[in-house]
$ cat work07.txt   # compact mmCIF, C-alpha atoms (C1' of nucleotides)
# COMPACT_ATOMS: atom_id res chain seq x y z
CA MET A 2 17.26 1.99 -27.49
CA ALA A 3 17.21 3.90 -24.25
CA THR A 4 20.06 6.36 -24.41
CA VAL A 5 21.70 5.53 -21.12
CA ASP A 6 25.43 5.70 -21.51
CA THR A 7 26.29 7.90 -18.60
CA ARG A 8 29.84 7.93 -17.46
CA ALA A 9 29.43 8.95 -13.87
CA GLU A 10 30.31 12.59 -13.30
CA PRO A 11 30.99 14.42 -10.04
CA ALA A 12 27.28 15.13 -9.51
CA ARG A 13 26.87 18.89 -9.56
CA GLY A 14 25.11 21.16 -7.14
CA GLY A 15 21.35 21.08 -6.96
CA GLY A 16 20.33 19.97 -10.46
CA LEU A 17 18.17 17.15 -11.63
CA PRO A 18 20.28 14.02 -11.32
CA ARG A 19 21.46 12.61 -14.66
CA GLY A 20 20.30 9.18 -13.60
CA VAL A 21 16.78 10.54 -13.74
CA ALA A 22 17.18 13.05 -16.58
CA GLU A 23 18.41 10.37 -18.96
CA ARG A 24 15.60 7.92 -18.31
CA PRO A 25 12.23 8.90 -19.74
CA ALA A 26 10.34 6.61 -17.42
CA LEU A 27 11.96 8.10 -14.34
CA LEU A 28 11.45 11.59 -15.72
CA MET A 29 7.75 11.03 -16.18
CA HIS A 30 7.45 9.55 -12.74
CA LYS A 31 9.36 12.41 -11.17
CA LEU A 32 7.27 14.99 -13.02
CA GLY A 33 4.18 13.39 -11.57
CA SER A 34 5.42 13.61 -8.01
CA GLU A 35 6.84 17.08 -8.51
CA ILE A 36 3.40 18.31 -9.46
CA MET A 37 1.87 16.87 -6.33
CA ARG A 38 4.70 18.16 -4.22
CA ARG A 39 4.08 21.68 -5.47
CA ALA A 40 0.34 21.50 -5.19
CA GLU A 41 0.18 20.06 -1.70
CA ARG A 42 0.91 23.18 0.31
CA PRO A 43 -1.42 25.59 -1.57
CA LEU A 44 -4.16 22.98 -1.75
CA GLU A 45 -3.93 22.48 1.97
CA GLU A 46 -4.40 26.20 2.43
CA MET A 47 -7.73 25.94 0.71
CA GLY A 48 -8.64 22.93 2.80
CA LEU A 49 -8.09 20.26 0.16
CA THR A 50 -5.86 17.28 -0.26
CA GLY A 51 -4.64 16.20 -3.69
CA ARG A 52 -6.96 13.27 -3.58
CA GLU A 53 -9.92 15.43 -2.74
CA TYR A 54 -9.16 17.77 -5.62
CA THR A 55 -8.99 14.84 -8.02
CA THR A 56 -12.25 13.52 -6.65
CA LEU A 57 -13.98 16.87 -7.12
CA ALA A 58 -12.68 17.00 -10.69
CA VAL A 59 -13.96 13.53 -11.52
CA LEU A 60 -17.27 14.25 -9.85
CA GLN A 61 -17.81 17.29 -12.01
CA SER A 62 -16.61 15.86 -15.29
CA ASP A 63 -17.73 12.25 -15.19
CA ALA A 64 -20.90 12.18 -13.13
CA PRO A 65 -20.27 8.67 -11.80
CA THR A 66 -23.37 6.75 -10.79
CA SER A 67 -21.98 5.11 -7.68
CA GLN A 68 -19.15 5.34 -5.23
CA ALA A 69 -17.67 2.17 -6.63
CA GLU A 70 -17.45 3.74 -10.06
CA LEU A 71 -16.08 6.96 -8.63
CA ALA A 72 -13.42 4.98 -6.82
CA ARG A 73 -12.45 3.18 -10.01
CA LEU A 74 -12.21 6.45 -11.93
CA CYS A 75 -10.09 8.03 -9.23
CA GLY A 76 -7.87 4.99 -8.95
CA LEU A 77 -8.83 4.40 -5.34
CA LEU A 78 -10.14 1.44 -3.40
CA PRO A 79 -13.77 1.84 -2.34
CA ALA A 80 -12.61 1.67 1.25
CA GLN A 81 -10.27 4.60 0.67
CA LEU A 82 -12.92 6.66 -1.04
CA VAL A 83 -15.19 6.46 2.00
CA ALA A 84 -12.86 8.70 4.00
CA VAL A 85 -12.53 11.14 1.10
CA ILE A 86 -16.27 11.53 0.68
CA ASP A 87 -16.76 11.76 4.43
CA GLU A 88 -14.41 14.70 4.45
CA LEU A 89 -15.89 16.40 1.37
CA GLU A 90 -19.32 16.04 2.88
CA ARG A 91 -18.19 17.38 6.23
CA ASP A 92 -16.86 20.46 4.43
CA GLY A 93 -20.05 20.91 2.44
CA LEU A 94 -18.35 20.32 -0.91
CA ALA A 95 -20.29 17.22 -1.89
CA GLU A 96 -23.17 15.15 -0.63
CA ARG A 97 -24.29 11.57 -0.72
CA ARG A 98 -27.77 10.67 -1.84
CA ARG A 99 -29.18 7.22 -1.78
CA ASP A 100 -30.00 6.03 -5.30
CA GLU A 101 -33.71 5.29 -5.14
CA ALA A 102 -33.55 2.95 -8.11
CA ASP A 103 -30.91 0.79 -6.42
CA ARG A 104 -30.82 1.51 -2.74
CA ARG A 105 -27.41 -0.07 -2.22
CA ARG A 106 -25.75 2.75 -4.11
CA SER A 107 -25.11 6.21 -2.92
CA VAL A 108 -24.71 8.83 -5.59
CA VAL A 109 -22.29 11.60 -4.79
CA ARG A 110 -23.08 15.10 -6.08
CA LEU A 111 -21.06 18.29 -5.97
CA THR A 112 -22.54 21.20 -4.09
CA PRO A 113 -22.23 24.76 -5.46
CA LYS A 114 -19.57 25.32 -2.83
CA GLY A 115 -17.73 22.25 -4.08
CA ARG A 116 -17.92 23.54 -7.62
CA ARG A 117 -16.46 26.87 -6.56
CA LEU A 118 -13.59 25.27 -4.71
CA LEU A 119 -12.88 22.99 -7.65
CA ALA A 120 -12.57 26.09 -9.82
CA ARG A 121 -10.02 27.51 -7.40
CA GLY A 122 -8.16 24.21 -7.50
CA ASP A 123 -8.13 24.31 -11.29
CA ALA A 124 -6.70 27.82 -11.19
CA LEU A 125 -3.97 26.60 -8.88
CA ALA A 126 -3.25 23.65 -11.15
CA ALA A 127 -2.96 26.02 -14.10
CA ARG A 128 -0.50 28.15 -12.15
CA ILE A 129 1.69 25.17 -11.38
CA GLU A 130 1.51 24.05 -14.97
CA ASP A 131 2.75 27.51 -15.95
CA GLU A 132 5.68 27.19 -13.60
CA LEU A 133 6.69 23.84 -15.00
CA LEU A 134 5.97 24.43 -18.67
CA GLY A 135 6.81 28.11 -18.88
CA HIS A 136 9.29 27.39 -21.61
CA LEU A 137 6.59 26.13 -23.98
CA ASP A 138 4.30 28.27 -26.09
CA PRO A 139 0.54 27.55 -25.99
CA ALA A 140 0.60 25.40 -29.12
CA GLN A 141 3.40 23.21 -27.78
CA ARG A 142 1.57 22.93 -24.51
CA ALA A 143 -1.62 21.82 -26.21
CA ARG A 144 0.41 19.29 -28.16
CA LEU A 145 1.93 17.96 -24.95
CA HIS A 146 -1.49 17.70 -23.40
CA ASP A 147 -2.67 15.63 -26.37
CA VAL A 148 0.35 13.38 -26.22
CA LEU A 149 -0.17 12.66 -22.54
CA ARG A 150 -3.89 12.09 -22.97
CA GLN A 151 -3.31 9.67 -25.81
CA ALA A 152 -0.64 7.85 -23.86
CA LEU A 153 -3.00 7.22 -20.99
CA GLU A 154 -6.11 6.67 -23.02
CA ALA A 155 -4.50 4.08 -25.26
CA SER A 156 -3.05 2.25 -22.31
CA TRP A 157 -6.18 2.22 -20.27
CA PRO A 158 -7.86 -1.06 -21.23
CA LEU A 159 -4.97 -2.98 -19.71
CA PRO A 160 -5.84 -2.56 -16.03
CA ALA A 161 -9.08 -4.38 -16.81
CA ASP A 162 -7.68 -7.44 -18.64
CA ASP A 163 -6.53 -8.94 -15.38
CA ALA A 164 -6.58 -12.48 -16.70
CA GLU A 165 -5.25 -14.74 -13.95
CA MET B 28 -7.00 29.29 -19.73
CA ALA B 29 -7.40 25.77 -18.48
CA THR B 30 -9.92 24.14 -20.80
CA VAL B 31 -12.19 22.66 -18.20
CA ASP B 32 -15.75 23.09 -19.32
CA THR B 33 -16.96 19.59 -18.94
CA ARG B 34 -20.65 19.05 -18.90
CA ALA B 35 -20.85 15.81 -16.97
CA GLU B 36 -21.55 12.85 -19.21
CA PRO B 37 -22.68 9.34 -18.30
CA ALA B 38 -19.10 8.20 -17.68
CA ARG B 39 -18.36 5.52 -20.22
CA GLY B 40 -16.93 2.10 -19.74
CA GLY B 41 -13.32 1.76 -18.73
CA GLY B 42 -11.72 4.83 -20.25
CA LEU B 43 -9.60 7.52 -18.72
CA PRO B 44 -11.99 9.74 -16.79
CA ARG B 45 -12.61 13.13 -18.39
CA GLY B 46 -11.99 14.82 -15.08
CA VAL B 47 -8.40 13.67 -15.41
CA ALA B 48 -8.01 13.81 -19.19
CA GLU B 49 -8.97 17.47 -19.30
CA ARG B 50 -6.58 18.61 -16.62
CA PRO B 51 -2.92 18.63 -17.62
CA ALA B 52 -1.72 18.57 -14.05
CA LEU B 53 -3.78 15.51 -13.20
CA LEU B 54 -2.73 13.87 -16.46
CA MET B 55 0.93 14.30 -15.67
CA HIS B 56 0.44 13.02 -12.18
CA LYS B 57 -1.50 10.01 -13.40
CA LEU B 58 1.10 9.24 -16.04
CA GLY B 59 3.71 9.16 -13.32
CA SER B 60 1.81 6.69 -11.22
CA GLU B 61 0.76 4.63 -14.20
CA ILE B 62 4.41 4.09 -15.03
CA MET B 63 5.16 2.89 -11.54
CA ARG B 64 2.08 0.74 -11.49
CA ARG B 65 3.19 -1.02 -14.64
CA ALA B 66 6.77 -1.39 -13.58
CA GLU B 67 6.11 -2.72 -10.12
CA ARG B 68 5.21 -6.31 -10.96
CA PRO B 69 8.03 -6.97 -13.48
CA LEU B 70 10.56 -5.20 -11.29
CA GLU B 71 9.57 -7.34 -8.38
CA GLU B 72 10.19 -10.40 -10.49
CA MET B 73 13.77 -9.34 -10.90
CA GLY B 74 14.01 -8.63 -7.20
CA LEU B 75 13.83 -4.86 -7.33
CA THR B 76 11.57 -2.21 -6.00
CA GLY B 77 10.92 1.01 -7.93
CA ARG B 78 12.97 2.90 -5.43
CA GLU B 79 15.85 0.48 -5.73
CA TYR B 80 15.86 0.81 -9.50
CA THR B 81 15.97 4.60 -9.23
CA THR B 82 18.79 4.33 -6.73
CA LEU B 83 20.82 2.07 -9.01
CA ALA B 84 20.27 4.52 -11.87
CA VAL B 85 21.43 7.51 -9.85
CA LEU B 86 24.39 5.54 -8.51
CA GLN B 87 25.57 4.75 -12.01
CA SER B 88 24.93 8.14 -13.57
CA ASP B 89 25.75 10.61 -10.82
CA ALA B 90 28.44 8.98 -8.72
CA PRO B 91 27.32 10.68 -5.51
CA THR B 92 30.00 11.09 -2.91
CA SER B 93 27.91 10.29 0.14
CA GLN B 94 24.68 8.68 1.18
CA ALA B 95 23.29 12.07 2.09
CA GLU B 96 23.86 13.30 -1.45
CA LEU B 97 22.46 10.12 -2.91
CA ALA B 98 19.36 10.57 -0.80
CA ARG B 99 18.91 14.11 -1.99
CA LEU B 100 19.32 13.08 -5.62
CA CYS B 101 16.81 10.27 -5.21
CA GLY B 102 14.37 12.49 -3.38
CA LEU B 103 14.53 10.37 -0.24
CA LEU B 104 15.22 11.08 3.39
CA PRO B 105 18.58 9.76 4.55
CA ALA B 106 16.71 7.55 6.98
CA GLN B 107 14.75 6.04 4.11
CA LEU B 108 17.81 5.44 2.02
CA VAL B 109 19.39 3.32 4.73
CA ALA B 110 16.89 0.54 4.16
CA VAL B 111 17.33 0.75 0.39
CA ILE B 112 21.11 0.44 0.55
CA ASP B 113 20.83 -2.34 3.14
CA GLU B 114 18.74 -4.28 0.68
CA LEU B 115 20.93 -3.53 -2.35
CA GLU B 116 23.96 -4.60 -0.38
CA ARG B 117 22.28 -7.75 0.84
CA ASP B 118 21.55 -8.66 -2.78
CA GLY B 119 25.10 -7.91 -3.85
CA LEU B 120 24.08 -5.06 -6.15
CA ALA B 121 25.95 -2.30 -4.36
CA GLU B 122 28.36 -1.94 -1.50
CA ARG B 123 29.22 0.63 1.11
CA ARG B 124 32.80 1.72 1.59
CA ARG B 125 33.92 4.04 4.28
CA ASP B 126 35.32 7.23 2.77
CA GLU B 127 38.87 7.32 4.08
CA ALA B 128 39.12 11.06 3.59
CA ASP B 129 36.07 11.66 5.76
CA ARG B 130 35.29 8.65 7.82
CA ARG B 131 31.75 9.75 8.62
CA ARG B 132 30.71 9.17 5.05
CA SER B 133 30.11 5.90 3.36
CA VAL B 134 30.43 5.91 -0.37
CA VAL B 135 28.09 3.56 -2.18
CA ARG B 136 29.38 1.83 -5.30
CA LEU B 137 27.61 -0.37 -7.81
CA THR B 138 28.88 -3.89 -8.18
CA PRO B 139 29.09 -5.52 -11.64
CA LYS B 140 26.00 -7.49 -10.68
CA GLY B 141 24.25 -4.24 -9.83
CA ARG B 142 25.22 -2.78 -13.18
CA ARG B 143 23.82 -5.81 -14.98
CA LEU B 144 20.54 -5.65 -13.12
CA LEU B 145 20.27 -1.93 -13.78
CA ALA B 146 20.63 -2.68 -17.48
CA ARG B 147 17.75 -5.13 -17.24
CA GLY B 148 15.73 -2.50 -15.41
CA ASP B 149 16.46 0.00 -18.16
CA ALA B 150 15.30 -2.50 -20.76
CA LEU B 151 12.07 -2.96 -18.84
CA ALA B 152 11.61 0.80 -18.56
CA ALA B 153 12.10 1.12 -22.31
CA ARG B 154 9.47 -1.56 -22.86
CA ILE B 155 6.95 0.28 -20.73
CA GLU B 156 7.77 3.52 -22.47
CA ASP B 157 7.03 1.76 -25.76
CA GLU B 158 3.65 0.65 -24.45
CA LEU B 159 2.71 4.14 -23.38
CA LEU B 160 4.21 6.13 -26.22
CA GLY B 161 3.72 3.68 -29.04
CA HIS B 162 1.79 6.27 -30.98
CA LEU B 163 4.82 8.58 -31.26
CA ASP B 164 7.63 8.28 -33.73
CA PRO B 165 11.22 8.40 -32.41
CA ALA B 166 11.63 12.11 -33.16
CA GLN B 167 8.47 13.01 -31.29
CA ARG B 168 9.57 10.85 -28.44
CA ALA B 169 12.93 12.54 -28.22
CA ARG B 170 11.14 15.87 -28.28
CA LEU B 171 8.91 14.78 -25.41
CA HIS B 172 11.92 13.62 -23.47
CA ASP B 173 13.51 17.06 -23.91
CA VAL B 174 10.35 18.84 -22.87
CA LEU B 175 10.07 16.83 -19.68
CA ARG B 176 13.74 17.23 -18.86
CA GLN B 177 13.55 20.96 -19.32
CA ALA B 178 10.41 21.19 -17.22
CA LEU B 179 12.09 19.47 -14.31
CA GLU B 180 15.51 21.02 -14.74
CA ALA B 181 14.16 24.56 -14.87
CA SER B 182 12.01 23.97 -11.84
CA TRP B 183 14.64 22.33 -9.77
CA PRO B 184 16.22 25.25 -7.91
CA LEU B 185 12.91 25.95 -6.20
CA PRO B 186 12.94 23.13 -3.66
CA ALA B 187 16.02 24.86 -2.23
CA ASP B 188 14.69 28.43 -1.94
CA ASP B 189 12.66 27.54 1.10
CA ALA B 190 12.33 31.15 2.19
CA GLU B 191 9.89 31.28 5.11
C1' DC C 16 41.56 21.10 23.15
C1' DG C 17 36.54 21.90 22.76
C1' DA C 18 32.12 23.59 20.69
C1' DG C 19 29.42 22.82 17.04
C1' DA C 20 28.21 20.69 12.79
C1' DT C 21 27.73 16.57 9.78
C1' DC C 22 26.98 11.67 8.55
C1' DG C 23 24.84 7.35 8.94
C1' DT C 24 21.76 4.99 11.71
C1' DT C 25 18.00 3.68 14.91
C1' DC C 26 13.77 4.29 16.98
C1' DA C 27 8.92 5.53 17.97
C1' DA C 28 4.71 7.87 16.60
C1' DG C 29 1.77 8.91 13.16
C1' DT C 30 -0.29 8.07 8.89
C1' DT C 31 -1.78 5.26 5.07
C1' DC C 32 -2.70 0.88 2.51
C1' DT C 33 -4.91 -3.34 2.02
C1' DG C 34 -7.85 -7.24 2.51
C1' DA C 35 -11.34 -9.49 5.06
C1' DA C 36 -15.65 -9.35 7.40
C1' DT C 37 -20.27 -7.15 7.77
C1' DC C 38 -24.87 -5.27 6.70
C1' DG C 39 -28.32 -4.00 3.75
C1' DT C 40 -29.98 -4.51 -0.80
C1' DT C 41 -30.77 -6.49 -5.38
C1' DA C 42 -30.63 -10.17 -9.05
C1' DA C 43 -31.03 -14.90 -10.60
C1' DC C 44 -33.71 -18.78 -11.03
C1' DG C 45 -35.91 -23.01 -10.07
C1' DC D 8 -42.35 -16.66 -4.16
C1' DG D 9 -38.21 -18.15 -1.58
C1' DT D 10 -33.67 -19.14 -1.43
C1' DT D 11 -29.03 -18.24 -2.82
C1' DA D 12 -25.60 -15.59 -4.81
C1' DA D 13 -23.77 -11.12 -5.96
C1' DC D 14 -23.04 -6.27 -5.11
C1' DG D 15 -22.37 -1.62 -2.82
C1' DA D 16 -20.83 0.90 1.12
C1' DT D 17 -18.71 0.61 5.38
C1' DT D 18 -15.76 -0.83 9.28
C1' DC D 19 -11.91 -2.85 11.14
C1' DA D 20 -7.31 -4.80 12.04
C1' DG D 21 -2.70 -5.77 10.57
C1' DA D 22 1.08 -4.56 7.68
C1' DA D 23 3.74 -1.08 5.40
C1' DC D 24 5.47 3.40 4.99
C1' DT D 25 6.74 8.28 6.48
C1' DT D 26 8.65 11.45 9.48
C1' DG D 27 11.23 13.70 12.97
C1' DA D 28 13.98 13.25 16.92
C1' DA D 29 17.79 11.32 19.07
C1' DC D 30 22.34 8.91 19.05
C1' DG D 31 27.38 7.85 18.45
C1' DA D 32 31.10 8.58 15.58
C1' DT D 33 33.68 11.83 13.14
C1' DC D 34 35.15 16.16 11.22
C1' DT D 35 35.94 21.52 11.28
C1' DC D 36 37.88 25.32 13.02
C1' DG D 37 38.96 28.84 16.31
$ encode --input "work07.txt" --output "structure tokens"
Amino acid sequence: MATVDTRAEPARGGGLPRGVAERPALLMHKLGSEIMRRAERPLEEMGLTGREYTTLAVLQSDAPTSQAELARLCGLLPAQLVAVIDELERDGLAERRRDEADRRRSVVRLTPKGRRLLARGDALAARIEDELLGHLDPAQRARLHDVLRQALEASWPLPADDAE
Amino acid sequence: MATVDTRAEPARGGGLPRGVAERPALLMHKLGSEIMRRAERPLEEMGLTGREYTTLAVLQSDAPTSQAELARLCGLLPAQLVAVIDELERDGLAERRRDEADRRRSVVRLTPKGRRLLARGDALAARIEDELLGHLDPAQRARLHDVLRQALEASWPLPADDAE
DNA sequence: CGAGATCGTTCAAGTTCTGAATCGTTAACG
DNA sequence: CGTTAACGATTCAGAACTTGAACGATCTCG
């Protein structure tokens, strides 16, 4: 049972509200936005948006064979991805190439510059992770990483089984 | 060191992309949105939006003394909260009362109906948590809950120290 | 009293999301 | 082969959301 028994208290100074702290689902959601909130400013200073960083990461690690697949992996609509790639290309971080085997597709590839900036983004992400998880030792952190990965990996098939 | 060493592989079927799975920060962010994504449809069926559910939760657990404080706790702008409270009030889930001690403020209180719907929302949240964390036993889950709470509680002061 | 701050609210401008329509290309199949 | 359907990338328009500025009412405090 979700341990929500909260007898409303005066609501102290600046802390995390109990209404959130007591509810795992809200906690997880808030953690997600907190990470973005913290990353936004520094990312912007290196000329990236959160979405662009994610896209670079997926480009490097998953080598998608089309924009449609890239969009799916990034959780974006194809129409949204167009603007992202436009921007990455404009900044020389990635480039489109027409797939000669199937000329409808354009394959997006990281440039060396894109790879370098992704590395800087990863360093930033690691720094933010340190800020948030400073109270955990490396083993606990690795464990948390596994738990999160399993949670998302196990739950992944669902988005597809859109039976309606 | 962030373990990102990824030699791009063919990008399998529907799974979680490696670009995300390997990066804790992206994982946490994705988990946050995945939760919302899953909650949205069922919440809508009970007439709530994610934001409204969060607001009900904070109302019950933190008893904020003004809309401004409620907004801060919910991570919303006061101007955004107006629409949320309008809607909650329209649905009979909460009500505004003018604070007689300081007549600028309106104190928002849950109605019994609001409390009941919040309980249903909590049940839904617990169900989604089960889906995502089914692979953890209760002790591990409690541990995860603590870890997340600590991460956010420790990091909370920062939003305030806007020294620029 | 009067200057300045605070609270809730409204409004307008900017941004983003979303779905439909389009164009070129490929696949299916009689 | 030739026609029809499907697919990939793109554009576009309308809706939805965010954000900051401005407002009227109210409080604080010298």
$ atom_distance --input "work07.txt" --atom1 "CA of Leu163 (chain B)" --atom2 "CA of Val21 (chain A)"
21.3 Å
$ interface_residues --input "work07.txt" --of "chain A" --to "chain C" --cutoff "9 Å" --atoms "only C-alpha atoms (C1' of nucleotides)" --output "short mmCIF file (atom, residue, chain, number, x, y, z; two decimals) with C-alpha atoms, in the frame of the given file"
data_model
loop_
_atom_site.label_atom_id
_atom_site.label_comp_id
_atom_site.auth_asym_id
_atom_site.auth_seq_id
_atom_site.Cartn_x
_atom_site.Cartn_y
_atom_site.Cartn_z
CA LEU A 78 -10.14 1.44 -3.40
CA GLN A 81 -10.27 4.60 0.67
CA ASP A 103 -30.91 0.79 -6.42
CA ARG A 104 -30.82 1.51 -2.74
CA ARG A 105 -27.41 -0.07 -2.22
#
$ interface_residues --input "work07.txt" --of "chain D" --to "chain B" --cutoff "10 Å" --atoms "all atoms listed in the file" --output "VMD selection string"
chain D and resid 24 to 26 32 to 34
$ residues_around --input "work07.txt" --residues "Glu61 (chain B)" --least-positions-apart "4" --cutoff "9 Å" --atoms "only C-alpha atoms (C1' of nucleotides)" --output "list in words"
His30 and Leu153 of chain A; His56, Lys57, Arg65 and Ala66 of chain B
$ write_last_selection --input "work07.txt" --atoms "C-alpha atoms" --output "CSV table (one decimal), in the frame of the given file"
chain,number,residue,atom,x,y,z
A,30,HIS,CA,7.4,9.6,-12.7
A,153,LEU,CA,-3.0,7.2,-21.0
B,56,HIS,CA,0.4,13.0,-12.2
B,57,LYS,CA,-1.5,10.0,-13.4
B,65,ARG,CA,3.2,-1.0,-14.6
B,66,ALA,CA,6.8,-1.4,-13.6
$ residues_near_point --input "work07.txt" --point "(-14.6, 21.2, -7.6)" --cutoff "8 Å" --atoms "all atoms listed in the file" --output "list of chain:residue names"
A:Tyr54, A:Leu57, A:Ala58, A:Leu60, A:Gln61, A:Leu94, A:Leu111, A:Gly115, A:Arg116, A:Arg117, A:Leu118, A:Leu119, A:Ala120, A:Arg121, A:Gly122
$ write_last_selection --input "work07.txt" --atoms "C-alpha atoms" --output "mmCIF file, in the frame of the given file"
data_model
loop_
_atom_site.group_PDB
_atom_site.id
_atom_site.type_symbol
_atom_site.label_atom_id
_atom_site.label_comp_id
_atom_site.auth_asym_id
_atom_site.auth_seq_id
_atom_site.Cartn_x
_atom_site.Cartn_y
_atom_site.Cartn_z
ATOM 1 C CA TYR A 54 -9.160 17.770 -5.620
ATOM 2 C CA LEU A 57 -13.980 16.870 -7.120
ATOM 3 C CA ALA A 58 -12.680 17.000 -10.690
ATOM 4 C CA LEU A 60 -17.270 14.250 -9.850
ATOM 5 C CA GLN A 61 -17.810 17.290 -12.010
ATOM 6 C CA LEU A 94 -18.350 20.320 -0.910
ATOM 7 C CA LEU A 111 -21.060 18.290 -5.970
ATOM 8 C CA GLY A 115 -17.730 22.250 -4.080
ATOM 9 C CA ARG A 116 -17.920 23.540 -7.620
ATOM 10 C CA ARG A 117 -16.460 26.870 -6.560
ATOM 11 C CA LEU A 118 -13.590 25.270 -4.710
ATOM 12 C CA LEU A 119 -12.880 22.990 -7.650
ATOM 13 C CA ALA A 120 -12.570 26.090 -9.820
ATOM 14 C CA ARG A 121 -10.020 27.510 -7.400
ATOM 15 C CA GLY A 122 -8.160 24.210 -7.500
#
